[in-house]
>>> print(open('coords_19.txt').read())   # compact mmCIF, C-alpha atoms
# COMPACT_ATOMS: atom_id res chain seq x y z
CA MET A 1 -18.38 52.28 -29.34
CA LEU A 2 -15.15 50.78 -30.62
CA LYS A 3 -13.42 51.01 -27.25
CA TYR A 4 -16.23 48.99 -25.60
CA TYR A 5 -15.86 46.31 -28.26
CA SER A 6 -12.08 46.22 -27.76
CA ASN A 7 -12.58 45.84 -24.01
CA TYR A 8 -15.00 42.97 -24.65
CA LEU A 9 -12.50 41.17 -26.87
CA GLN A 10 -9.63 41.63 -24.44
CA ASN A 11 -11.33 40.96 -21.10
CA LEU A 12 -14.65 39.18 -21.60
CA ALA A 13 -14.77 37.17 -24.80
CA GLU A 14 -13.61 33.54 -24.86
CA ASN A 15 -11.57 32.24 -27.77
CA SER A 16 -12.96 29.26 -29.62
CA SER A 17 -10.30 26.86 -28.29
CA LYS A 18 -11.03 27.64 -24.64
CA ALA A 19 -14.78 27.48 -25.22
CA TYR A 20 -14.43 24.04 -26.84
CA THR A 21 -12.21 22.81 -24.01
CA ASP A 22 -14.66 24.04 -21.38
CA LEU A 23 -17.57 22.33 -23.14
CA LEU A 24 -15.63 19.07 -23.47
CA GLN A 25 -14.64 19.18 -19.79
CA ALA A 26 -18.31 19.74 -18.83
CA THR A 27 -19.37 16.80 -21.00
CA ILE A 28 -16.70 14.51 -19.48
CA ASN A 29 -17.71 15.53 -15.96
CA ASP A 30 -21.37 14.78 -16.74
CA GLN A 31 -20.72 11.35 -18.28
CA TRP A 32 -17.64 10.28 -16.31
CA SER A 33 -19.34 7.68 -14.13
CA ASN A 34 -21.61 6.39 -16.88
CA THR A 35 -19.42 3.34 -17.52
CA THR A 36 -18.01 0.23 -15.86
CA GLN A 37 -14.45 1.15 -16.85
CA VAL A 38 -13.75 3.74 -14.12
CA MET A 39 -11.13 2.30 -11.76
CA THR A 40 -9.08 3.65 -8.88
CA VAL A 41 -5.35 3.27 -9.54
CA GLN A 42 -2.31 4.58 -7.69
CA GLU A 43 -0.21 7.20 -9.45
CA GLN A 44 3.43 7.93 -8.60
CA SER A 45 3.66 11.48 -7.23
CA GLN A 46 6.72 12.26 -9.39
CA ILE A 47 9.58 10.54 -11.19
CA GLY A 48 11.74 8.65 -8.69
CA SER A 49 9.30 9.00 -5.79
CA SER A 50 8.13 6.16 -3.54
CA ILE A 51 4.84 7.96 -2.82
CA TYR A 52 1.70 6.92 -4.72
CA ASN A 53 -1.68 8.67 -4.66
CA ASN A 54 -5.12 7.32 -5.55
CA ILE A 55 -6.66 8.63 -8.77
CA ALA A 56 -9.72 7.58 -10.79
CA VAL A 57 -9.12 6.65 -14.44
CA ARG A 58 -10.97 4.97 -17.24
CA VAL A 59 -9.16 1.77 -18.19
CA ASP A 60 -9.39 0.62 -21.80
CA TYR A 61 -7.47 -1.67 -24.11
CA ALA A 62 -4.69 -0.10 -26.19
CA VAL A 63 -4.82 0.02 -29.98
CA ASP A 64 -1.85 -0.23 -32.32
CA MET A 65 -1.87 3.06 -34.24
CA GLY A 66 -0.33 1.43 -37.30
CA THR A 67 -2.71 -1.49 -37.71
CA GLY A 68 -5.76 -0.46 -35.68
CA TYR A 69 -5.71 -3.84 -33.92
CA LYS A 70 -5.97 -4.24 -30.18
CA GLN A 71 -2.65 -4.82 -28.42
CA ASP A 72 -2.26 -7.60 -25.86
CA ASP A 73 -3.14 -7.28 -22.19
CA ASP A 74 0.31 -5.98 -21.24
CA TYR A 75 -0.78 -2.65 -22.77
CA LYS A 76 -3.59 -0.43 -21.43
CA LEU A 77 -4.97 3.05 -21.94
CA PHE A 78 -5.67 5.24 -18.90
CA ALA A 79 -7.98 8.21 -19.47
CA PHE A 80 -8.28 11.03 -16.92
CA GLN A 81 -11.32 13.11 -16.07
CA ASP A 82 -9.35 16.33 -15.67
CA LEU A 83 -8.19 17.72 -19.03
CA THR A 84 -5.38 19.64 -17.27
CA HIS A 85 -3.89 16.49 -15.68
CA ASN A 86 -0.35 16.18 -17.06
CA VAL A 87 1.71 12.98 -16.98
CA ALA A 88 5.41 12.50 -17.75
CA LYS A 89 6.64 9.57 -19.77
CA GLY A 90 8.11 6.97 -17.43
CA LEU A 91 5.68 7.71 -14.57
CA LEU A 92 4.62 4.57 -12.73
CA TYR A 93 1.17 3.36 -11.72
CA LYS A 94 -0.10 0.53 -9.51
CA TYR A 95 -3.08 -1.30 -10.99
CA ASP A 96 -4.42 -4.85 -10.84
CA ASP A 97 -1.56 -6.01 -8.56
CA ASP A 98 1.06 -4.85 -11.07
CA TYR A 99 3.23 -1.86 -11.83
CA TRP A 100 2.55 -0.05 -15.12
CA ILE A 101 4.89 2.42 -16.81
CA THR A 102 3.81 5.32 -19.02
CA ILE A 103 5.15 4.89 -22.57
CA ASN A 104 3.08 7.49 -24.45
CA THR A 105 1.23 10.62 -23.27
CA SER A 106 -0.82 11.37 -26.44
CA GLU A 107 -0.38 15.10 -25.86
CA VAL A 108 -0.60 16.02 -29.54
CA GLY A 109 -3.01 13.38 -30.80
CA SER A 110 -6.05 14.37 -28.75
CA ILE A 111 -7.43 17.11 -26.54
CA SER A 112 -8.55 14.42 -24.08
CA LYS A 113 -6.12 13.35 -21.38
CA ASP A 114 -5.18 9.72 -21.86
CA ILE A 115 -1.92 7.81 -21.72
CA ASN A 116 -0.61 4.46 -22.89
CA VAL A 117 0.88 2.30 -20.17
CA ARG A 118 2.71 -1.00 -20.30
CA ARG A 119 2.75 -3.65 -17.61
CA CYS A 120 6.07 -4.10 -15.82
CA THR A 121 6.88 -7.80 -16.15
CA ASN A 122 9.63 -8.02 -13.53
CA ILE A 123 11.62 -6.07 -10.93
CA MET A 124 15.31 -5.18 -11.00
CA ARG A 125 16.91 -5.70 -7.59
CA TRP A 126 20.45 -4.72 -6.71
CA ILE A 127 22.40 -3.70 -3.60
CA ASP A 128 24.05 -0.28 -3.48
CA PRO A 129 27.77 -0.90 -2.72
CA GLN A 130 28.06 2.42 -0.85
CA THR A 131 25.10 2.01 1.50
CA GLY A 132 23.98 -1.62 1.43
CA TYR A 133 20.48 -0.49 0.42
CA LEU A 134 18.43 -2.92 -1.65
CA ASN A 135 17.12 -1.02 -4.67
CA GLU A 136 13.98 -2.30 -6.38
CA GLU A 137 12.82 -0.89 -9.72
CA PRO A 138 9.84 -2.22 -11.73
CA CYS A 139 10.82 -2.92 -15.33
CA VAL A 140 9.63 -4.33 -18.64
CA ILE A 141 11.65 -7.22 -20.04
CA GLU A 142 11.14 -7.57 -23.78
CA TYR A 143 9.54 -10.84 -24.80
CA VAL A 144 12.33 -12.24 -26.99
CA LEU A 145 15.63 -13.59 -25.61
CA GLU A 146 18.05 -12.50 -28.32
CA SER A 147 21.32 -14.05 -29.55
CA PRO A 148 20.96 -17.41 -27.78
CA ASN A 149 24.31 -18.64 -29.13
CA ALA A 150 27.18 -20.01 -27.07
CA LEU A 151 29.75 -17.49 -25.86
CA LYS A 152 33.17 -19.17 -25.86
CA ASP A 153 36.51 -18.30 -24.36
CA LYS A 154 39.48 -20.33 -23.17
CA GLU A 155 37.95 -21.08 -19.76
CA VAL A 156 34.21 -21.55 -19.99
CA VAL A 157 31.27 -21.75 -22.38
CA VAL A 158 28.03 -19.98 -21.42
CA ALA A 159 24.81 -19.11 -23.23
CA ASN A 160 25.04 -15.71 -24.89
CA GLY A 161 21.49 -14.58 -24.07
CA HIS A 162 20.74 -10.89 -24.46
CA ILE A 163 17.70 -9.07 -23.05
CA SER A 164 16.46 -5.52 -23.47
CA ILE A 165 14.82 -3.82 -20.50
CA LEU A 166 12.65 -0.72 -20.25
CA CYS A 167 12.44 1.08 -16.92
CA GLN A 168 11.96 4.52 -15.43
CA GLY A 169 14.91 6.85 -15.90
CA ASN A 170 15.58 8.43 -12.51
CA SER A 171 18.57 9.42 -10.36
CA VAL A 172 19.02 5.82 -9.19
CA THR A 173 18.65 3.85 -12.44
CA ARG A 174 20.82 6.28 -14.41
CA ASN A 175 23.70 5.58 -12.03
CA ILE A 176 23.70 1.78 -11.96
CA PRO A 177 27.37 0.73 -12.17
CA LYS A 178 28.33 -1.26 -15.24
CA ASN A 179 28.70 -5.01 -14.72
CA THR A 180 26.15 -4.95 -11.90
CA ARG A 181 24.51 -8.38 -11.75
CA PHE A 182 20.77 -9.05 -11.60
CA LEU A 183 18.56 -12.09 -11.09
CA PHE A 184 15.25 -12.51 -12.89
CA ASN A 185 13.29 -15.56 -11.73
CA GLY A 186 16.58 -17.25 -10.86
CA GLN A 187 18.34 -16.42 -14.14
CA PRO A 188 21.50 -14.25 -13.78
CA PHE A 189 22.17 -11.31 -16.10
CA LYS A 190 24.91 -8.68 -16.14
CA PHE A 191 24.28 -4.99 -16.83
CA LEU A 192 26.08 -3.86 -19.99
CA ALA A 193 24.91 -0.38 -20.99
CA THR A 194 22.00 2.05 -21.09
CA GLN A 195 20.60 3.98 -24.01
CA ASN A 196 20.94 7.40 -22.41
CA MET A 197 21.19 9.45 -25.61
CA LEU A 198 17.42 9.93 -26.07
CA ASP A 199 17.03 13.38 -24.54
CA GLU A 200 13.52 14.58 -23.79
CA GLY A 201 14.36 18.20 -24.60
CA ILE A 202 17.29 18.49 -26.98
CA THR A 203 17.82 22.23 -26.50
CA GLU A 204 17.79 21.86 -22.71
CA ASN A 205 19.63 18.49 -22.73
CA GLN A 206 16.94 17.03 -20.47
CA ASP A 207 17.31 13.32 -19.72
CA SER A 208 14.49 11.06 -20.81
CA ASP A 209 12.33 9.53 -18.10
CA LEU A 210 12.32 6.26 -20.05
CA LEU A 211 15.53 4.25 -19.84
CA TYR A 212 16.49 1.36 -22.12
CA VAL A 213 18.95 -1.16 -20.63
CA ASP A 214 21.00 -3.96 -22.24
CA MET A 215 21.94 -7.07 -20.24
CA TYR A 216 23.65 -10.35 -21.09
CA LEU A 217 23.27 -13.78 -19.55
CA ASP A 218 25.72 -14.49 -16.74
CA MET A 219 26.60 -17.43 -14.47
CA ILE A 220 25.13 -18.12 -11.05
CA GLU A 221 27.50 -17.27 -8.20
CA SER A 222 27.71 -18.77 -4.73
CA ASP A 223 26.27 -15.77 -2.88
CA ASP A 224 23.27 -15.28 -5.20
CA ASP A 225 19.91 -15.33 -3.42
CA LEU A 226 17.86 -17.33 -5.91
CA VAL A 227 14.73 -17.22 -3.74
CA ASN A 228 14.49 -13.42 -3.46
CA ASN A 229 16.26 -12.75 -6.79
CA ILE A 230 19.12 -10.70 -5.31
CA ALA A 231 22.49 -11.14 -6.99
CA ASN A 232 25.55 -11.22 -4.70
CA ALA A 233 23.26 -10.82 -1.72
CA SER A 234 26.03 -11.13 0.89
CA GLN A 235 28.73 -9.11 -0.89
CA TYR A 236 28.05 -5.86 0.97
CA GLN A 237 27.25 -6.55 4.63
CA TYR A 238 26.78 -3.24 6.48
CA THR A 239 26.20 -2.63 10.18
CA ILE A 240 25.71 0.60 12.11
CA ASN A 241 26.12 1.06 15.85
CA ALA A 242 24.91 4.28 17.47
CA TYR A 243 26.29 5.13 20.89
CA CYS A 244 26.30 7.95 23.41
CA SER A 245 28.39 8.80 26.45
CA ILE A 246 25.40 8.71 28.83
CA ASN A 247 22.23 6.78 29.48
CA GLU A 248 20.52 9.34 31.71
CA GLN A 249 20.55 13.14 32.07
CA THR A 250 18.42 16.13 33.02
CA SER A 251 16.15 17.97 30.59
CA GLY A 252 17.95 20.79 28.76
CA PHE A 253 21.24 18.91 28.61
CA SER A 254 23.13 19.05 25.27
CA GLY A 255 25.51 16.41 23.94
CA VAL A 256 26.56 14.44 20.86
CA ALA A 257 25.54 11.00 19.56
CA TYR A 258 28.05 8.99 17.53
CA SER A 259 27.92 6.08 15.10
CA THR A 260 30.30 3.43 13.83
CA VAL A 261 29.62 1.92 10.38
CA THR A 262 31.20 -1.35 9.27
CA LEU A 263 31.33 -3.02 5.86
CA ASN A 264 32.04 -6.75 5.96
CA GLY A 265 33.44 -6.30 9.46
CA ASN A 266 35.73 -3.34 8.65
CA THR A 267 35.02 0.18 9.91
CA VAL A 268 34.30 2.59 7.06
CA ASN A 269 33.43 6.26 6.74
CA ARG A 270 29.84 6.90 5.62
CA ASN A 271 27.51 9.84 6.04
CA VAL A 272 25.03 9.17 8.85
CA ASN A 273 21.61 10.70 9.45
CA TYR A 274 20.28 11.23 13.00
CA LEU A 275 16.63 11.48 14.04
CA GLY A 276 15.15 12.07 17.48
CA ASN A 277 11.77 11.33 19.04
CA GLY A 278 9.55 13.92 20.72
CA ASN A 279 11.79 14.19 23.79
CA VAL A 280 14.96 15.36 22.05
CA THR A 281 16.01 17.70 19.24
CA VAL A 282 18.84 16.39 17.07
CA ASN A 283 21.06 17.84 14.36
CA ALA A 284 20.51 15.37 11.53
CA THR A 285 24.09 15.66 10.26
CA THR A 286 26.31 16.05 13.34
CA GLY A 287 24.33 14.11 15.95
CA GLU A 288 24.35 17.05 18.37
CA TYR A 289 21.26 16.89 20.56
CA THR A 290 19.37 18.67 23.34
CA LEU A 291 17.06 16.86 25.74
CA THR A 292 13.60 18.46 25.84
CA GLY A 293 11.34 15.85 27.48
CA ASP A 294 9.86 15.79 30.94
CA VAL A 295 11.31 13.89 33.88
CA GLY A 296 10.50 10.19 33.54
CA THR A 297 10.44 10.17 29.73
CA VAL A 298 12.97 8.57 27.39
CA ALA A 299 14.78 10.38 24.58
CA THR A 300 15.53 8.10 21.61
CA ILE A 301 18.08 8.99 18.92
CA THR A 302 18.08 6.79 15.81
CA ALA A 303 20.93 6.73 13.29
CA ASN A 304 20.96 5.35 9.75
CA ILE A 305 23.38 5.39 6.83
CA VAL A 306 22.41 8.16 4.41
CA GLY A 307 20.81 6.38 1.47
CA ASN A 308 19.76 3.33 3.51
CA PRO A 309 16.83 4.11 5.82
CA ASN A 310 16.31 0.40 6.52
CA LEU A 311 19.55 -0.07 8.46
CA THR A 312 19.25 1.72 11.81
CA SER A 313 20.62 1.78 15.34
CA SER A 314 19.20 3.62 18.35
CA VAL A 315 20.28 4.91 21.76
CA ASN A 316 18.00 5.73 24.68
CA ILE A 317 18.59 8.42 27.30
CA ASN A 318 16.43 8.49 30.43
CA ILE A 319 15.47 12.02 31.47
CA VAL A 320 15.83 12.35 35.25
CA GLN A 321 15.46 15.02 37.94
CA SER A 322 19.16 15.01 38.90
CA ILE A 323 22.28 12.92 38.37
CA THR A 324 25.56 12.09 40.06
CA ASP A 325 28.77 12.83 38.19
CA SER A 326 29.84 10.12 35.76
CA TYR A 327 32.88 9.97 33.51
CA GLU A 328 33.50 8.05 30.29
CA MET A 329 36.22 7.84 27.65
CA VAL A 330 34.63 8.18 24.18
CA ILE A 331 36.56 7.16 21.05
CA SER A 332 35.20 8.23 17.66
CA PRO A 333 35.23 6.70 15.15
CA LEU A 334 35.89 3.36 16.75
CA TYR A 335 38.23 1.29 14.54
CA ASP A 336 39.21 -2.32 15.06
CA VAL A 337 41.17 -2.91 11.80
CA VAL A 338 43.80 -0.92 9.91
CA LYS A 339 45.59 -2.04 6.75
CA VAL A 340 49.34 -1.82 6.18
CA GLY A 341 50.26 1.36 4.32
CA GLN A 342 47.09 3.13 5.40
CA SER A 343 46.37 5.36 8.38
CA ILE A 344 43.42 5.79 10.71
CA THR A 345 42.70 8.91 12.73
CA PHE A 346 40.32 9.06 15.69
CA MET A 347 39.48 11.29 18.65
CA ALA A 348 39.57 10.24 22.31
CA ASN A 349 37.83 12.55 24.78
CA GLU A 350 36.84 12.46 28.41
CA TYR A 351 33.13 13.06 28.98
CA LYS A 352 31.61 14.22 32.25
CA ASN A 353 27.87 13.62 32.50
CA GLY A 354 27.76 13.40 28.71
CA ALA A 355 29.63 16.68 28.08
CA VAL A 356 33.08 16.69 26.49
CA GLN A 357 35.93 17.90 28.71
CA PRO A 358 39.13 19.73 27.67
CA THR A 359 41.34 17.20 29.47
CA VAL A 360 44.19 15.84 27.32
CA CYS A 361 44.18 12.03 27.21
CA GLN A 362 47.19 9.88 27.95
CA TYR A 363 47.84 6.47 26.40
CA SER A 364 49.73 3.24 26.79
CA ILE A 365 50.30 0.45 24.23
CA SER A 366 51.00 -3.24 24.44
CA GLY A 367 50.83 -6.24 22.14
CA LEU A 368 53.17 -5.21 19.31
CA ALA A 369 56.72 -3.94 19.17
CA PRO A 370 56.99 -0.16 18.60
CA SER A 371 58.66 -0.82 15.23
CA ALA A 372 55.48 -2.48 13.93
CA TYR A 373 53.49 0.77 13.84
CA THR A 374 53.65 4.55 14.11
CA LEU A 375 51.39 6.47 16.48
CA VAL A 376 51.10 10.28 16.41
CA GLN A 377 49.15 12.24 19.02
CA ALA A 378 47.98 15.84 18.53
CA ASN A 379 46.03 16.84 21.66
CA ASN A 380 43.22 14.27 21.68
CA SER A 381 43.60 13.25 18.03
CA PHE A 382 45.45 9.99 17.38
CA THR A 383 46.78 8.62 14.08
CA ILE A 384 48.01 5.03 13.73
CA THR A 385 49.93 3.73 10.69
CA PRO A 386 50.98 0.03 10.70
CA ASN A 387 54.33 -0.92 9.20
CA THR A 388 53.61 -4.67 9.07
CA PHE A 389 50.65 -6.98 9.49
CA SER A 390 50.25 -9.18 12.54
CA LEU A 391 47.81 -11.64 14.11
CA THR A 392 48.44 -9.93 17.45
CA PRO A 393 46.44 -6.71 17.84
CA ILE A 394 47.64 -3.34 19.09
CA SER A 395 46.19 -3.00 22.58
CA LEU A 396 45.72 0.75 23.08
CA THR A 397 44.62 2.12 26.47
CA LEU A 398 43.45 5.74 26.62
CA TYR A 399 42.96 7.30 30.02
CA THR A 400 42.61 10.39 32.18
CA GLN A 401 42.47 10.74 35.94
CA ASN A 402 38.75 9.93 35.91
CA CYS A 403 38.21 7.28 33.22
CA THR A 404 39.93 4.78 30.94
CA LYS A 405 39.17 2.67 27.87
CA THR A 406 41.10 -0.03 26.02
CA VAL A 407 40.65 -0.89 22.35
CA GLN A 408 42.25 -3.57 20.21
CA ILE A 409 43.23 -2.75 16.63
CA TYR A 410 44.41 -5.45 14.20
CA CYS A 411 47.01 -4.66 11.55
CA LYS A 412 46.03 -6.51 8.37
CA SER A 413 47.58 -6.91 4.95
CA ALA A 414 46.73 -4.30 2.33
CA PHE A 415 45.47 -7.07 0.03
>>> encode(input="coords_19.txt", output="structure tokens")
Amino acid sequence: MLKYYSNYLQNLAENSSKAYTDLLQATINDQWSNTTQVMTVQEQSQIGSSIYNNIAVRVDYAVDMGTGYKQDDDYKLFAFQDLTHNVAKGLLYKYDDDYWITINTSEVGSISKDINVRRCTNIMRWIDPQTGYLNEEPCVIEYVLESPNALKDKEVVVANGHISILCQGNSVTRNIPKNTRFLFNGQPFKFLATQNMLDEGITENQDSDLLYVDMYLDMIESDDDLVNNIANASQYQYTINAYCSINEQTSGFSGVAYSTVTLNGNTVNRNVNYLGNGNVTVNATTGEYTLTGDVGTVATITANIVGNPNLTSSVNINIVQSITDSYEMVISPLYDVVKVGQSITFMANEYKNGAVQPTVCQYSISGLAPSAYTLVQANNSFTITPNTFSLTPISLTLYTQNCTKTVQIYCKSAF
């Protein structure tokens, strides 16, 4: 008899905690819609994500646990129907045309699933110097402007306003460079520091998903966009130009797409991502592609700087039944400026019908005296090092028996 009872306890009986939870879940399910407070909000899929999903919650006012009084309308309580729905502090929601950030999960205080959220009162906007991408992060600016005393030095006197900001701690906000400038409703502030010592799990050294930021009042600068609240809006001007050695080929052909990235008019090295449409397969990292579409279709390859999906450039290749031989000199990367004391290295290759050939390129130079620069060739790799700056460019012609191309490269000062 005892063994049957032991089996019942181990495999059939419910403990009191689970039974209570099941009963509470059944009660919530039965009464969930019996209110006017059920709203559909959008919940961030995970910390740092740009994807939001619809979810039904009960919206209620928040109560100060110390006084029992209702907090103002910048604080709300979201209650979930599912008792197993877990939320991380710092998770963002979209509700009532605003962003709301989770500041308390109430995991210990109640078996019910509800969270305290706070309305984000502004948005931090800043441009990534490495990609040109405009970051936007909802944030809470504390109500009081602290230390409104004059800050004096030998050159200028400015207001010494200090603000504290609460935002989501993610891979982007934790890496904001110090002294980055921000605009809030036309007022400039400079990033000073973050309170990044509040670990979520001390034993695991897990970063908190809530980040506290200190900023101080700054001065308006000439390139500040006061309308869109973007500080130094024109400081990092990026362009990307994707190019290919052909504009038509037969299906099944394989080749390589290239890109040139410039920052403020100067060619720079950045990682580039490649994406093809349904008529071409592309290696996202190298740009190597294979045409797969039918005759009469167009293969499109789009390139963007890694970290900036908004800045793109595309090339189109018409897929045809047959082609006549065509040759082209392809230079990659394509530089137009080199600074004194620095070197640039590029490849020059002959392409036949979009395919690279083993032919060794020849070159000729005009424009500057040979003493003004050093040029080293290793097969089809060329390295140029200027010895002095000049307003006259190096005119470099690269050629084979079948094709030629001339580029102009300016030697500029290192400063």
>>> atom_distance(input="coords_19.txt", atom1="atom CA of Ala233 of chain A", atom2="atom CA of Leu92 of chain A")
26.6 Å
>>> residues_around(input="coords_19.txt", residues="Tyr212 of chain A", least_positions_apart="3", cutoff="8 Å", atoms="all atoms listed in the file", output="number ranges by chain")
A: 164-167, 194-196
>>> residues_near_point(input="coords_19.txt", point="(3.0, 7.8, -8.8)", cutoff="7 Å", atoms="all atoms listed in the file", output="PyMOL selection string")
chain A and resi 42-46+51-53+91-93
>>> residues_near_point(input="coords_19.txt", point="(27.9, -0.5, -15.2)", cutoff="10 Å", atoms="all atoms listed in the file", output="list of chain:residue names")
A:Arg174, A:Asn175, A:Ile176, A:Pro177, A:Lys178, A:Asn179, A:Thr180, A:Arg181, A:Lys190, A:Phe191, A:Leu192, A:Ala193, A:Thr194
>>> write_last_selection(input="coords_19.txt", atoms="C-alpha atoms", output="PDB file, in the frame of the given file")
ATOM      1  CA  ARG A 174      20.820   6.280 -14.410  1.00  0.00           C
ATOM      2  CA  ASN A 175      23.700   5.580 -12.030  1.00  0.00           C
ATOM      3  CA  ILE A 176      23.700   1.780 -11.960  1.00  0.00           C
ATOM      4  CA  PRO A 177      27.370   0.730 -12.170  1.00  0.00           C
ATOM      5  CA  LYS A 178      28.330  -1.260 -15.240  1.00  0.00           C
ATOM      6  CA  ASN A 179      28.700  -5.010 -14.720  1.00  0.00           C
ATOM      7  CA  THR A 180      26.150  -4.950 -11.900  1.00  0.00           C
ATOM      8  CA  ARG A 181      24.510  -8.380 -11.750  1.00  0.00           C
ATOM      9  CA  LYS A 190      24.910  -8.680 -16.140  1.00  0.00           C
ATOM     10  CA  PHE A 191      24.280  -4.990 -16.830  1.00  0.00           C
ATOM     11  CA  LEU A 192      26.080  -3.860 -19.990  1.00  0.00           C
ATOM     12  CA  ALA A 193      24.910  -0.380 -20.990  1.00  0.00           C
ATOM     13  CA  THR A 194      22.000   2.050 -21.090  1.00  0.00           C
TER      14      THR A 194
END
>>> closest_residue(input="coords_19.txt", among="A:Thr21, A:Gln249, A:Ser171, A:Ser314", to="Ser49 of chain A", atoms="all atoms listed in the file")
A:Ser171
>>> residues_around(input="coords_19.txt", residues="Ala79 of chain A", least_positions_apart="4", cutoff="7 Å", atoms="all atoms listed in the file", output="list of chain:residue names")
A:Val57, A:Arg58, A:Val59, A:Lys113, A:Asp114, A:Ile115
>>> closest_residue(input="coords_19.txt", among="A:Phe253, A:Phe184, A:Ser364, A:Glu248", to="Ile220 of chain A", atoms="only C-alpha atoms")
A:Phe184
>>> residues_around(input="coords_19.txt", residues="segment 254-271 of chain A", least_positions_apart="2", cutoff="10 Å", atoms="only C-alpha atoms", output="ChimeraX atom specification")
/A:129-132,234-246,249-252,273-274,280-283,285-292,301-307,313-315,330-338,351,353-356
>>> residues_around(input="coords_19.txt", residues="Val407 of chain A", least_positions_apart="5", cutoff="8 Å", atoms="only C-alpha atoms", output="list in words")
Asp336, Ser395, Leu396 and Thr397 of chain A
>>> build_atoms(input="coords_19.txt", residues="segment 349-363 of chain A", atoms="N, CA and C atoms", output="compact mmCIF listing (two decimals), keeping the file's coordinate frame")
# COMPACT_ATOMS: atom_id res chain seq x y z
N ASN A 349 38.17 11.44 23.88
CA ASN A 349 37.83 12.55 24.78
C ASN A 349 37.19 12.04 26.06
N GLU A 350 37.50 12.73 27.13
CA GLU A 350 36.84 12.46 28.41
C GLU A 350 35.50 13.19 28.43
N TYR A 351 34.46 12.46 28.85
CA TYR A 351 33.13 13.06 28.98
C TYR A 351 32.70 13.01 30.44
N LYS A 352 32.18 14.14 30.91
CA LYS A 352 31.61 14.22 32.25
C LYS A 352 30.11 14.47 32.13
N ASN A 353 29.33 13.52 32.59
CA ASN A 353 27.87 13.62 32.50
C ASN A 353 27.40 13.88 31.07
N GLY A 354 28.14 13.28 30.11
CA GLY A 354 27.76 13.40 28.71
C GLY A 354 28.32 14.60 28.00
N ALA A 355 29.06 15.48 28.69
CA ALA A 355 29.63 16.68 28.08
C ALA A 355 31.13 16.50 27.93
N VAL A 356 31.67 16.86 26.75
CA VAL A 356 33.08 16.69 26.49
C VAL A 356 33.90 17.63 27.37
N GLN A 357 35.04 17.13 27.85
CA GLN A 357 35.93 17.90 28.71
C GLN A 357 37.23 18.25 27.97
N PRO A 358 37.90 19.32 28.38
CA PRO A 358 39.13 19.73 27.67
C PRO A 358 40.37 18.92 28.09
N THR A 359 40.21 17.96 28.96
CA THR A 359 41.34 17.20 29.47
C THR A 359 42.06 16.46 28.35
N VAL A 360 43.39 16.55 28.32
CA VAL A 360 44.19 15.84 27.32
C VAL A 360 44.38 14.39 27.77
N CYS A 361 44.09 13.46 26.89
CA CYS A 361 44.18 12.03 27.21
C CYS A 361 45.63 11.55 27.17
N GLN A 362 45.93 10.58 27.99
CA GLN A 362 47.19 9.88 27.95
C GLN A 362 46.95 8.49 27.35
N TYR A 363 48.03 7.80 26.96
CA TYR A 363 47.84 6.47 26.40
C TYR A 363 49.00 5.56 26.76
